[in-house]
$ cat entry.cif   # mmCIF, C-alpha atoms and all ligand atoms
data_structure
loop_
_atom_site.label_atom_id
_atom_site.label_comp_id
_atom_site.auth_asym_id
_atom_site.auth_seq_id
_atom_site.Cartn_x
_atom_site.Cartn_y
_atom_site.Cartn_z
CA MET Y 26 98.06 48.53 87.83
CA ALA Y 27 97.71 52.13 86.70
CA ARG Y 28 97.35 53.15 90.30
CA TRP Y 29 100.47 51.28 91.30
CA ALA Y 30 102.43 52.84 88.44
CA LEU Y 31 101.40 56.29 89.60
CA TYR Y 32 102.61 55.62 93.14
CA ALA Y 33 105.86 54.23 91.78
CA ALA Y 34 106.37 57.26 89.59
CA ALA Y 35 105.71 59.58 92.50
CA PHE Y 36 108.21 57.68 94.60
CA LEU Y 37 110.86 57.78 91.89
CA VAL Y 38 110.48 61.52 91.48
CA ALA Y 39 110.77 62.00 95.23
CA ALA Y 40 113.75 59.67 95.52
CA SER Y 41 115.67 61.06 92.59
CA CYS Y 42 115.46 64.77 93.14
CA THR Y 43 114.62 65.94 96.62
CA ARG Y 44 113.83 64.84 100.08
CA ALA Y 45 111.17 67.50 100.48
CA PRO Y 46 108.00 66.44 102.25
CA HIS Y 47 105.30 65.19 99.90
CA ARG Y 48 103.27 68.07 98.52
CA SER Y 49 99.53 67.63 98.79
CA VAL Y 50 98.60 71.12 97.61
CA TYR Y 51 96.41 71.08 94.52
CA VAL Y 52 96.88 73.31 91.51
CA ASP Y 53 94.59 72.89 88.50
CA SER Y 54 96.61 71.17 85.77
CA ALA Y 55 95.83 73.69 82.99
CA ILE Y 56 96.83 76.59 85.26
CA GLU Y 57 99.92 74.71 86.38
CA ALA Y 58 100.97 74.06 82.78
CA GLU Y 59 100.56 77.74 81.92
CA LEU Y 60 102.58 78.82 84.96
CA ARG Y 61 105.34 76.34 84.27
CA GLN Y 62 106.01 77.53 80.74
CA VAL Y 63 105.77 81.31 81.14
CA HIS Y 64 109.11 83.17 81.02
CA ALA Y 65 108.78 85.38 84.05
CA ILE Y 66 109.60 89.02 84.56
CA ASP Y 67 110.79 89.30 88.16
CA ASN Y 68 109.79 92.73 89.45
CA HIS Y 69 112.20 92.86 92.37
CA ALA Y 70 115.43 91.08 93.29
CA HIS Y 71 119.04 91.63 94.37
CA PRO Y 72 121.26 89.64 91.99
CA LYS Y 73 125.02 89.75 92.47
CA LYS Y 74 127.46 90.72 89.77
CA VAL Y 75 130.27 88.49 88.52
CA VAL Y 76 133.42 89.19 90.53
CA SER Y 77 137.10 88.50 89.94
CA GLU Y 78 139.24 86.55 92.38
CA GLY Y 79 139.30 88.44 95.70
CA GLU Y 80 136.72 91.03 94.59
CA GLU Y 81 133.50 91.45 96.61
CA ASP Y 82 130.08 92.79 95.69
CA HIS Y 83 128.37 94.94 98.34
CA ASP Y 84 126.15 96.86 95.93
CA TYR Y 85 123.33 94.31 95.78
CA ASP Y 86 121.34 96.26 98.39
CA ALA Y 87 121.58 99.79 99.82
CA LEU Y 88 120.53 98.57 103.24
CA SER Y 89 122.16 95.20 102.98
CA MET Y 90 121.73 92.99 105.99
CA GLU Y 91 125.50 92.89 106.46
CA GLY Y 92 126.04 94.50 109.84
CA ILE Y 93 122.56 93.64 111.15
CA GLY Y 94 122.96 91.24 114.05
CA ASP Y 95 119.63 89.60 114.57
CA ILE Y 96 117.85 88.41 111.46
CA PHE Y 97 114.89 86.13 111.98
CA LEU Y 98 113.41 84.15 109.10
CA PRO Y 99 110.19 82.15 109.57
CA ALA Y 100 109.99 78.33 109.48
CA PRO Y 101 110.14 77.81 105.69
CA PHE Y 102 113.54 79.53 105.68
CA SER Y 103 114.97 78.00 108.85
CA ALA Y 104 118.57 76.78 108.62
CA ASP Y 105 117.46 73.19 107.94
CA SER Y 106 114.86 74.22 105.34
CA ALA Y 107 114.00 71.54 102.77
CA TYR Y 108 114.03 74.32 100.16
CA PHE Y 109 117.81 74.62 100.13
CA PRO Y 110 118.72 71.06 99.04
CA GLU Y 111 115.96 71.35 96.41
CA ALA Y 112 117.49 74.54 95.03
CA TRP Y 113 121.03 73.13 95.21
CA HIS Y 114 119.83 70.10 93.31
CA ALA Y 115 118.04 72.08 90.62
CA LEU Y 116 120.93 74.50 90.12
CA PHE Y 117 124.09 72.58 90.89
CA GLY Y 118 123.14 68.89 90.83
CA TYR Y 119 123.41 68.45 94.61
CA ASP Y 120 122.18 64.93 95.34
CA TYR Y 121 121.96 64.81 99.12
CA ALA Y 122 119.33 65.53 101.73
CA ASP Y 123 121.86 66.20 104.46
CA ARG Y 124 124.41 69.00 104.84
CA THR Y 125 127.51 67.25 106.06
CA PRO Y 126 130.68 69.36 105.78
CA GLU Y 127 131.91 67.00 103.08
CA HIS Y 128 128.76 67.44 100.97
CA MET Y 129 128.85 71.18 101.52
CA ARG Y 130 132.41 71.27 100.20
CA GLU Y 131 131.23 69.31 97.18
CA LEU Y 132 128.44 71.84 96.67
CA ALA Y 133 130.86 74.77 96.90
CA LYS Y 134 133.07 73.10 94.31
CA ALA Y 135 130.17 72.41 91.93
CA LYS Y 136 129.00 75.99 92.33
CA SER Y 137 132.36 77.58 91.58
CA LYS Y 138 132.92 75.20 88.67
CA ILE Y 139 129.68 76.34 87.00
CA ALA Y 140 130.42 79.98 87.80
CA ARG Y 141 133.88 79.61 86.24
CA GLU Y 142 132.56 77.84 83.16
CA LYS Y 143 129.77 80.36 82.59
CA GLY Y 144 131.90 83.44 83.32
CA ASP Y 145 130.01 86.63 82.50
CA GLN Y 146 127.05 84.51 81.39
CA TYR Y 147 126.59 83.09 84.91
CA PRO Y 148 123.84 85.51 86.10
CA ALA Y 149 121.83 84.92 82.89
CA TRP Y 150 122.35 81.16 83.35
CA VAL Y 151 120.79 81.43 86.84
CA LEU Y 152 117.76 83.21 85.35
CA ASN Y 153 117.40 80.45 82.74
CA ARG Y 154 117.34 77.79 85.48
CA ALA Y 155 114.48 79.66 87.17
CA ASN Y 156 112.62 80.27 83.91
CA THR Y 157 113.01 84.00 84.39
CA ASP Y 158 113.41 86.14 81.30
CA ILE Y 159 114.05 89.54 82.88
CA MET Y 160 114.96 90.43 86.45
CA LEU Y 161 114.66 93.94 87.85
CA ALA Y 162 117.90 94.32 89.77
CA ASN Y 163 117.46 96.53 92.82
CA ARG Y 164 121.09 97.52 93.32
CA VAL Y 165 123.18 100.56 94.15
CA ALA Y 166 125.00 100.02 90.86
CA MET Y 167 124.96 97.38 88.14
CA GLY Y 168 128.04 95.34 87.31
CA ARG Y 169 129.72 92.59 85.35
CA GLY Y 170 127.40 89.92 83.98
CA LEU Y 171 124.21 91.82 84.79
CA THR Y 172 123.58 92.53 81.13
CA SER Y 173 120.76 94.85 80.11
CA ASP Y 174 118.98 92.23 78.01
CA ARG Y 175 118.22 90.16 81.13
CA PHE Y 176 118.70 92.58 84.05
CA ARG Y 177 117.10 96.04 84.38
CA TRP Y 178 118.33 98.45 86.98
CA VAL Y 179 116.38 99.90 89.92
CA PRO Y 180 118.56 102.24 92.04
CA PHE Y 181 117.77 103.46 95.58
CA VAL Y 182 116.68 107.00 96.43
CA ASP Y 183 116.37 107.09 100.24
CA MET Y 184 119.70 108.86 100.78
CA PHE Y 185 118.23 112.05 99.24
CA ILE Y 186 115.52 112.11 101.93
CA PHE Y 187 118.06 112.17 104.79
CA PRO Y 188 120.62 114.85 103.88
CA LEU Y 189 120.76 116.50 107.34
CA ASN Y 190 122.36 115.52 110.64
CA ASN Y 191 121.03 112.02 111.38
CA ASP Y 192 122.44 111.57 114.90
CA GLY Y 193 118.99 111.45 116.52
CA LEU Y 194 117.73 108.81 114.09
CA LYS Y 195 120.90 106.74 114.45
CA ALA Y 196 120.52 106.68 118.23
CA LYS Y 197 117.18 104.85 117.96
CA ASP Y 198 118.68 101.35 117.75
CA PRO Y 199 121.75 99.57 116.32
CA ASP Y 200 120.02 98.83 112.99
CA HIS Y 201 119.09 102.49 112.42
CA ARG Y 202 122.74 103.35 113.05
CA VAL Y 203 123.92 100.89 110.37
CA PHE Y 204 121.24 101.90 107.85
CA LEU Y 205 121.62 105.67 108.19
CA THR Y 206 125.41 105.50 108.15
CA ARG Y 207 125.10 103.67 104.82
CA GLU Y 208 122.64 106.27 103.47
CA GLU Y 209 125.07 109.05 104.42
CA GLN Y 210 127.94 107.27 102.64
CA LEU Y 211 125.84 106.87 99.50
CA LEU Y 212 124.78 110.53 99.52
CA SER Y 213 128.40 111.65 100.00
CA GLY Y 214 129.38 109.53 97.01
CA TYR Y 215 126.73 111.13 94.79
CA LEU Y 216 127.70 114.62 95.97
CA GLU Y 217 131.34 113.87 95.21
CA SER Y 218 130.52 112.63 91.73
CA ALA Y 219 128.76 115.97 91.19
CA GLN Y 220 131.97 117.76 92.31
CA MET Y 221 130.45 118.82 95.62
CA ARG Y 222 132.33 118.38 98.87
CA ALA Y 223 129.32 119.16 101.06
CA LEU Y 224 125.59 119.79 100.70
CA PRO Y 225 124.92 122.68 98.31
CA ALA Y 226 124.29 126.04 99.98
CA THR Y 227 120.73 126.52 98.72
CA PHE Y 228 117.70 124.26 98.62
CA ASP Y 229 117.21 125.03 94.92
CA GLU Y 230 120.66 123.64 94.22
CA TYR Y 231 119.96 120.57 96.34
CA THR Y 232 116.70 119.66 94.58
CA ALA Y 233 118.37 120.32 91.21
CA PHE Y 234 121.22 117.99 92.21
CA VAL Y 235 118.69 115.24 93.06
CA SER Y 236 116.79 115.76 89.80
CA HIS Y 237 120.04 115.60 87.87
CA ARG Y 238 120.97 112.32 89.56
CA LEU Y 239 117.59 110.82 88.56
CA GLU Y 240 118.10 112.01 84.97
CA THR Y 241 121.58 110.46 84.91
CA TRP Y 242 120.23 107.13 86.15
CA LYS Y 243 117.48 107.18 83.56
CA ALA Y 244 120.11 107.79 80.85
CA GLN Y 245 122.13 104.87 82.28
CA GLY Y 246 119.17 102.53 81.87
CA ALA Y 247 117.32 102.67 85.20
CA VAL Y 248 113.70 101.57 84.74
CA ALA Y 249 112.39 102.54 88.22
CA VAL Y 250 113.59 103.89 91.57
CA LYS Y 251 113.19 102.31 94.98
CA PHE Y 252 112.38 103.64 98.46
CA GLU Y 253 113.26 101.54 101.51
CA LEU Y 254 111.78 104.27 103.66
CA ALA Y 255 109.83 101.92 105.94
CA TYR Y 256 113.16 100.71 107.36
CA LEU Y 257 113.92 104.26 108.45
CA ARG Y 258 110.60 105.95 109.26
CA THR Y 259 106.84 105.97 108.66
CA LEU Y 260 105.42 105.87 105.12
CA GLU Y 261 102.98 108.62 106.01
CA VAL Y 262 104.03 111.55 103.82
CA ARG Y 263 102.38 114.95 104.24
CA ASP Y 264 101.81 117.56 101.58
CA VAL Y 265 104.47 120.16 102.42
CA GLN Y 266 104.89 123.70 101.11
CA ARG Y 267 108.24 124.22 99.42
CA GLU Y 268 109.11 127.27 101.51
CA ASN Y 269 108.73 125.25 104.72
CA ALA Y 270 111.12 122.55 103.50
CA GLU Y 271 113.47 125.24 102.24
CA ARG Y 272 113.51 126.91 105.64
CA VAL Y 273 114.47 123.65 107.38
CA TYR Y 274 117.20 123.02 104.81
CA SER Y 275 118.67 126.50 105.08
CA ILE Y 276 118.86 126.32 108.88
CA TYR Y 277 120.25 122.79 109.22
CA ALA Y 278 122.19 121.98 106.05
CA ARG Y 279 125.44 122.98 107.77
CA GLY Y 280 125.18 120.26 110.38
CA SER Y 281 123.19 121.22 113.48
CA GLU Y 282 120.39 118.85 114.39
CA ALA Y 283 116.78 119.53 113.35
CA SER Y 284 113.94 118.38 115.60
CA PRO Y 285 112.19 115.21 114.36
CA GLU Y 286 109.16 117.32 113.34
CA GLU Y 287 111.25 119.81 111.38
CA TYR Y 288 113.30 117.07 109.72
CA LYS Y 289 110.12 115.26 108.65
CA ILE Y 290 108.97 118.39 106.79
CA LEU Y 291 112.10 118.26 104.65
CA GLN Y 292 111.91 114.46 104.22
CA ASP Y 293 108.27 114.59 103.12
CA TYR Y 294 109.02 117.32 100.63
CA MET Y 295 111.95 115.38 99.18
CA PHE Y 296 109.82 112.24 98.86
CA HIS Y 297 107.29 114.25 96.87
CA HIS Y 298 110.02 115.85 94.75
CA ILE Y 299 111.57 112.48 93.87
CA ALA Y 300 108.19 110.85 93.16
CA GLN Y 301 107.18 113.73 90.91
CA GLU Y 302 110.50 113.77 89.05
CA ALA Y 303 110.45 110.00 88.59
CA GLY Y 304 106.98 110.39 87.09
CA ARG Y 305 108.24 113.09 84.74
CA LEU Y 306 111.04 110.77 83.63
CA GLY Y 307 108.70 107.79 83.20
CA MET Y 308 110.26 105.74 86.01
CA PRO Y 309 107.80 103.96 88.33
CA VAL Y 310 108.49 104.39 92.05
CA HIS Y 311 108.99 101.18 94.06
CA ILE Y 312 108.21 101.37 97.77
CA HIS Y 313 109.04 98.70 100.35
CA CYS Y 314 105.59 97.97 101.82
CA ALA Y 315 105.73 95.06 104.26
CA LEU Y 316 107.44 93.77 107.32
CA GLY Y 317 111.19 94.19 106.98
CA ALA Y 318 114.31 92.38 108.08
CA GLY Y 319 116.08 93.05 111.36
CA SER Y 320 114.79 92.74 114.90
CA TYR Y 321 114.03 96.46 115.29
CA PHE Y 322 111.79 96.86 112.24
CA ARG Y 323 108.49 98.53 113.20
CA ALA Y 324 105.82 96.37 111.56
CA ALA Y 325 103.38 99.29 111.41
CA ASN Y 326 105.90 101.24 109.27
CA GLY Y 327 105.28 98.80 106.43
CA ASN Y 328 101.53 99.30 106.34
CA PRO Y 329 100.61 100.55 102.84
CA ILE Y 330 97.44 102.28 104.06
CA GLN Y 331 99.76 105.10 105.22
CA LEU Y 332 100.45 105.85 101.55
CA ASP Y 333 96.87 107.02 101.01
CA GLY Y 334 98.05 110.63 101.06
CA VAL Y 335 100.70 110.00 98.40
CA PHE Y 336 98.37 108.00 96.18
CA ASN Y 337 95.60 110.61 96.50
CA ASP Y 338 97.89 113.51 95.64
CA PRO Y 339 96.71 114.92 92.28
CA SER Y 340 100.22 116.24 91.56
CA LEU Y 341 101.56 112.65 91.69
CA ARG Y 342 99.01 111.00 89.42
CA LYS Y 343 101.52 110.93 86.55
CA THR Y 344 103.81 108.77 88.70
CA LYS Y 345 103.26 105.02 88.82
CA PHE Y 346 103.84 103.41 92.20
CA VAL Y 347 104.57 99.75 92.93
CA MET Y 348 104.09 98.52 96.51
CA LEU Y 349 106.76 95.87 96.88
CA HIS Y 350 106.06 92.70 98.89
CA GLY Y 351 102.27 93.13 98.71
CA GLY Y 352 102.15 95.01 102.02
CA TRP Y 353 102.36 91.75 103.98
CA PRO Y 354 100.92 91.21 106.57
CA TYR Y 355 98.62 94.05 105.50
CA ALA Y 356 97.47 92.35 102.30
CA ARG Y 357 93.91 93.75 102.41
CA GLU Y 358 95.24 97.25 102.94
CA ALA Y 359 97.48 96.79 99.89
CA ALA Y 360 94.50 95.50 97.88
CA ALA Y 361 92.58 98.66 98.84
CA GLU Y 362 95.40 100.82 97.44
CA ILE Y 363 95.43 99.15 94.00
CA TRP Y 364 92.01 100.71 93.43
CA LYS Y 365 94.03 103.87 92.68
CA PRO Y 366 94.70 104.24 88.94
CA ASN Y 367 98.48 104.61 89.27
CA VAL Y 368 99.18 102.00 91.97
CA TYR Y 369 100.46 98.43 91.51
CA LEU Y 370 101.88 95.80 93.81
CA ASP Y 371 104.23 92.84 93.59
CA ILE Y 372 104.39 89.55 95.44
CA SER Y 373 108.14 89.59 96.01
CA ALA Y 374 109.49 88.34 99.38
CA PHE Y 375 106.49 86.14 100.11
CA MET Y 376 108.80 83.11 100.17
CA TYR Y 377 110.43 84.64 103.26
CA PHE Y 378 107.10 85.42 104.98
CA GLY Y 379 105.65 81.91 104.94
CA TYR Y 380 104.74 78.85 102.91
CA PRO Y 381 103.12 79.26 99.48
CA VAL Y 382 99.64 78.73 100.97
CA GLU Y 383 100.06 81.96 102.95
CA ALA Y 384 101.21 83.79 99.83
CA ALA Y 385 98.23 82.30 97.95
CA ARG Y 386 95.78 83.77 100.48
CA ALA Y 387 97.19 87.25 99.84
CA VAL Y 388 97.57 86.75 96.08
CA ARG Y 389 93.92 85.74 95.83
CA ILE Y 390 92.80 88.97 97.50
CA TYR Y 391 94.90 90.98 95.01
CA LEU Y 392 93.71 88.99 91.99
CA GLU Y 393 90.10 89.37 93.07
CA THR Y 394 90.66 93.14 93.17
CA ALA Y 395 92.75 94.12 90.13
CA PRO Y 396 94.61 91.27 88.38
CA GLU Y 397 96.17 93.72 85.91
CA LYS Y 398 97.95 95.48 88.82
CA VAL Y 399 99.69 92.43 90.30
CA LEU Y 400 103.31 91.59 89.43
CA TYR Y 401 105.41 88.54 90.14
CA GLY Y 402 108.62 89.19 92.07
CA SER Y 403 111.03 87.07 94.08
CA ASP Y 404 113.13 89.45 96.22
CA ALA Y 405 115.93 86.96 95.63
CA SER Y 406 118.93 87.96 97.75
CA PRO Y 407 121.99 86.29 99.22
CA ILE Y 408 120.99 85.14 102.71
CA SER Y 409 123.94 83.02 103.88
CA ASP Y 410 127.25 81.53 102.77
CA THR Y 411 125.47 78.58 101.18
CA VAL Y 412 122.21 80.20 100.06
CA GLY Y 413 122.90 82.97 97.58
CA TRP Y 414 120.77 85.00 95.20
CA GLU Y 415 120.91 81.99 92.86
CA GLU Y 416 119.05 79.69 95.27
CA THR Y 417 116.53 82.34 96.30
CA THR Y 418 115.87 83.16 92.64
CA TRP Y 419 115.00 79.50 92.06
CA ILE Y 420 112.93 79.11 95.25
CA GLY Y 421 111.16 82.44 94.59
CA SER Y 422 110.24 81.38 91.08
CA ARG Y 423 108.99 77.96 92.16
CA ASN Y 424 107.06 79.25 95.20
CA GLY Y 425 105.71 82.30 93.38
CA ARG Y 426 104.25 80.17 90.59
CA LEU Y 427 102.82 77.80 93.17
CA ALA Y 428 101.17 80.63 95.12
CA VAL Y 429 99.64 82.13 91.96
CA GLY Y 430 98.48 78.65 90.92
CA LEU Y 431 96.84 77.98 94.28
CA ALA Y 432 95.09 81.35 94.29
CA LEU Y 433 93.76 80.90 90.74
CA THR Y 434 92.69 77.31 91.41
CA GLY Y 435 90.65 78.53 94.38
CA MET Y 436 89.01 81.23 92.26
CA LEU Y 437 88.26 78.69 89.53
CA GLN Y 438 86.75 76.20 91.97
CA ASP Y 439 84.60 78.89 93.54
CA GLY Y 440 83.22 79.87 90.14
CA GLU Y 441 84.77 83.34 90.14
CA ILE Y 442 86.68 82.89 86.87
CA THR Y 443 86.79 80.51 83.92
CA SER Y 444 89.73 78.24 83.16
CA GLU Y 445 90.62 80.46 80.18
CA ARG Y 446 90.64 83.58 82.33
CA ALA Y 447 92.73 81.80 85.00
CA LYS Y 448 95.41 80.98 82.43
CA GLN Y 449 95.31 84.54 81.14
CA ILE Y 450 95.75 85.98 84.65
CA ALA Y 451 98.63 83.56 85.32
CA HIS Y 452 100.40 84.95 82.26
CA MET Y 453 99.61 88.55 83.23
CA VAL Y 454 101.00 88.20 86.76
CA MET Y 455 104.16 86.34 85.76
CA ARG Y 456 105.01 88.52 82.76
CA GLU Y 457 102.52 90.66 80.89
CA ASN Y 458 101.64 93.18 83.61
CA ALA Y 459 105.32 94.06 84.07
CA ARG Y 460 105.79 94.31 80.31
CA GLN Y 461 102.92 96.80 80.14
CA LEU Y 462 104.10 98.80 83.15
CA TYR Y 463 107.73 99.22 82.05
CA GLY Y 464 107.22 99.04 78.29
CA PHE Y 465 109.63 96.11 77.83
ZN ZN G 501 114.40 93.57 98.23
#

$ encode --input "entry.cif" --output "structure tokens"
Amino acid sequence: MARWALYAAAFLVAASCTRAPHRSVYVDSAIEAELRQVHAIDNHAHPKKVVSEGEEDHDYDALSMEGIGDIFLPAPFSADSAYFPEAWHALFGYDYADRTPEHMRELAKAKSKIAREKGDQYPAWVLNRANTDIMLANRVAMGRGLTSDRFRWVPFVDMFIFPLNNDGLKAKDPDHRVFLTREEQLLSGYLESAQMRALPATFDEYTAFVSHRLETWKAQGAVAVKFELAYLRTLEVRDVQRENAERVYSIYARGSEASPEEYKILQDYMFHHIAQEAGRLGMPVHIHCALGAGSYFRAANGNPIQLDGVFNDPSLRKTKFVMLHGGWPYAREAAAEIWKPNVYLDISAFMYFGYPVEAARAVRIYLETAPEKVLYGSDASPISDTVGWEETTWIGSRNGRLAVGLALTGMLQDGEITSERAKQIAHMVMRENARQLYGF
């Protein structure tokens, strides 16, 4: 009888909420309970601001995928993914397994009704649905509804690394053209807001301008800065003498094209300058370390082992670094880097890389290395007309908790940790480690 009741209950749950395939993954119930109740701090995401009728928000990413033609997402995120109806159900009460045009219209209506009702509270409402307390918003600028009690700002810094003529880099492939054009527009905007119509004449003035921008952001509430460098070049950064970078700047700042080798000298110096200044200002430096979107992304560019030089630089030990996306697929390489005292990683974007079991494999390696250095993150972003940052926030939270639960259950079963310690680590990853790192 009890057995029958259990089957019936399982069926009812499946029938009433989603048509997702039955989950046979096993998470220890005490760990699962801990994970379910913890109010997460999401280390990395791209939430959208509240917009008025006709207004658009393009600030949710510096290198937004708008304009990139060929974006592949693995099986879990295919167009007919079971995740999407689950998220629509959880957020907007969508009660169908299919996606007929009629049901999609109903969904759009339900979505805009809730957005209208919630108004400026809508982004916070989304966080509540995903049991997320605070989301670090990696955006060019913050905006309406992204209130500082729930959303903390992480601006981008790559544009300061590419101040010279970028024609050679743009010619590499169509994605580089889109990305670098965007970086140039952002840099022009910052120069303009500093009353400059072109790059300053001297390198001293340029580095001072960059430092001043970082100070301004800090005063405006930024809690970290983010490099998307791996989309644009290698993460290998050499130790460069200032006079060498200065020489490159003084020759090429007026527009002629530097050779790739010369340009890299300036780029590497600027990376170091920004990392050092961020450390001085108490802002951790986020670095995209993983495979990236777009069909021209060089997988090797995301390998965190290339950051050895940066992490071993004694002059950067006051800067805290967070490798975003756990270095995937180079999870072991990322684990090796969190041996460094000032280096952390997050598990954002794993929902895009594969199913939670794949994330769990990586998470377990990190947790077996330095559980106090591992942060939950979603990398929630709008990915289509029907799957926005809302849905990916919910899926990221659900899958992230599941991955952490699977990893900890494995460690518990293999006798590596006690049940008490497993619950403690679950809390650390979902919330406490970020609280410690940022001082929230
Ligand atoms: Zn991201």

$ residues_near_ligand --input "entry.cif" --ligand "ligand ZN 501 (chain G)" --cutoff "7 Å" --atoms "all atoms listed in the file" --output "count of residues only"
5

$ closest_residue --input "entry.cif" --among "Y:Ala356, Y:Leu291, Y:Leu306, Y:Leu116" --to "Ser236 (chain Y)" --atoms "all atoms listed in the file"
Y:Leu306

$ closest_residue --input "entry.cif" --among "Y:Leu254, Y:Ala65, Y:Met295, Y:Val203" --to "Pro188 (chain Y)" --atoms "only C-alpha atoms"
Y:Met295

$ closest_atom_pairs --input "entry.cif" --of "region 342-384 of chain Y" --to "region 428-445 of chain Y" --cutoff "10 Å" --atoms "only C-alpha atoms" --output "JSON lines"
{"residue": "Y:Ile372", "atom": "CA", "partner": "Y:Val429", "partner_atom": "CA", "distance": 9.5}
{"residue": "Y:Phe375", "atom": "CA", "partner": "Y:Ala428", "partner_atom": "CA", "distance": 9.1}
{"residue": "Y:Met376", "atom": "CA", "partner": "Y:Ala428", "partner_atom": "CA", "distance": 9.5}
{"residue": "Y:Tyr380", "atom": "CA", "partner": "Y:Ala428", "partner_atom": "CA", "distance": 8.8}
{"residue": "Y:Pro381", "atom": "CA", "partner": "Y:Ala428", "partner_atom": "CA", "distance": 5.0}
{"residue": "Y:Val382", "atom": "CA", "partner": "Y:Ala428", "partner_atom": "CA", "distance": 6.3}
{"residue": "Y:Glu383", "atom": "CA", "partner": "Y:Ala428", "partner_atom": "CA", "distance": 8.0}
{"residue": "Y:Ala384", "atom": "CA", "partner": "Y:Ala428", "partner_atom": "CA", "distance": 5.7}

$ residues_around --input "entry.cif" --residues "Gly92 (chain Y)" --least-positions-apart "2" --cutoff "10 Å" --atoms "all atoms listed in the file" --output "list in words"
Leu88, Ser89, Met90, Gly94, Asp95, Pro199, Asp200, Arg202, Val203 and Phe204 of chain Y

$ residues_around --input "entry.cif" --residues "region 193-195 of chain Y" --least-positions-apart "6" --cutoff "12 Å" --atoms "only C-alpha atoms" --output "PDB file with C-alpha atoms, keeping the file's coordinate frame"
ATOM      1  CA  PHE Y 187     118.060 112.170 104.790  1.00  0.00           C
ATOM      2  CA  HIS Y 201     119.090 102.490 112.420  1.00  0.00           C
ATOM      3  CA  ARG Y 202     122.740 103.350 113.050  1.00  0.00           C
ATOM      4  CA  VAL Y 203     123.920 100.890 110.370  1.00  0.00           C
ATOM      5  CA  PHE Y 204     121.240 101.900 107.850  1.00  0.00           C
ATOM      6  CA  LEU Y 205     121.620 105.670 108.190  1.00  0.00           C
ATOM      7  CA  THR Y 206     125.410 105.500 108.150  1.00  0.00           C
ATOM      8  CA  ARG Y 207     125.100 103.670 104.820  1.00  0.00           C
ATOM      9  CA  GLU Y 208     122.640 106.270 103.470  1.00  0.00           C
ATOM     10  CA  GLU Y 209     125.070 109.050 104.420  1.00  0.00           C
ATOM     11  CA  TYR Y 256     113.160 100.710 107.360  1.00  0.00           C
ATOM     12  CA  LEU Y 257     113.920 104.260 108.450  1.00  0.00           C
ATOM     13  CA  ARG Y 258     110.600 105.950 109.260  1.00  0.00           C
ATOM     14  CA  SER Y 281     123.190 121.220 113.480  1.00  0.00           C
ATOM     15  CA  GLU Y 282     120.390 118.850 114.390  1.00  0.00           C
ATOM     16  CA  ALA Y 283     116.780 119.530 113.350  1.00  0.00           C
ATOM     17  CA  SER Y 284     113.940 118.380 115.600  1.00  0.00           C
ATOM     18  CA  PRO Y 285     112.190 115.210 114.360  1.00  0.00           C
ATOM     19  CA  GLU Y 286     109.160 117.320 113.340  1.00  0.00           C
ATOM     20  CA  TYR Y 288     113.300 117.070 109.720  1.00  0.00           C
ATOM     21  CA  LYS Y 289     110.120 115.260 108.650  1.00  0.00           C
TER      22      LYS Y 289
END

$ residues_around --input "entry.cif" --residues "Gly317 (chain Y)" --least-positions-apart "6" --cutoff "10 Å" --atoms "only C-alpha atoms" --output "PyMOL selection string"
chain Y and resi 96+253+255-256+323-324+326-327+350+353+374+378

$ closest_residue --input "entry.cif" --among "Y:Val179, Y:Ala325, Y:Ala385, Y:Leu239" --to "Met167 (chain Y)" --atoms "all atoms listed in the file"
Y:Val179

$ atom_distance --input "entry.cif" --atom1 "CA of Ala387 (chain Y)" --atom2 "CA of Met455 (chain Y)"
15.7 Å

$ atom_distance --input "entry.cif" --atom1 "CA of Tyr463 (chain Y)" --atom2 "CA of Asn68 (chain Y)"
10.1 Å

$ closest_residue --input "entry.cif" --among "Y:Ala360, Y:Ala100, Y:Ala149, Y:Leu132" --to "Arg169 (chain Y)" --atoms "all atoms listed in the file"
Y:Ala149

$ closest_residue --input "entry.cif" --among "Y:Glu271, Y:Gln331, Y:Tyr231, Y:Ala166" --to "Thr259 (chain Y)" --atoms "all atoms listed in the file"
Y:Gln331

$ atom_distance --input "entry.cif" --atom1 "CA of Ser103 (chain Y)" --atom2 "CA of Val63 (chain Y)"
29.4 Å

$ closest_residue --input "entry.cif" --among "Y:Asn190, Y:Gln245, Y:Ser106, Y:Ser137" --to "Ser173 (chain Y)" --atoms "only C-alpha atoms"
Y:Gln245

$ residues_around --input "entry.cif" --residues "Asp183 (chain Y)" --least-positions-apart "2" --cutoff "6 Å" --atoms "all atoms listed in the file" --output "NGL selection string"
:Y and (185-186 or 252)
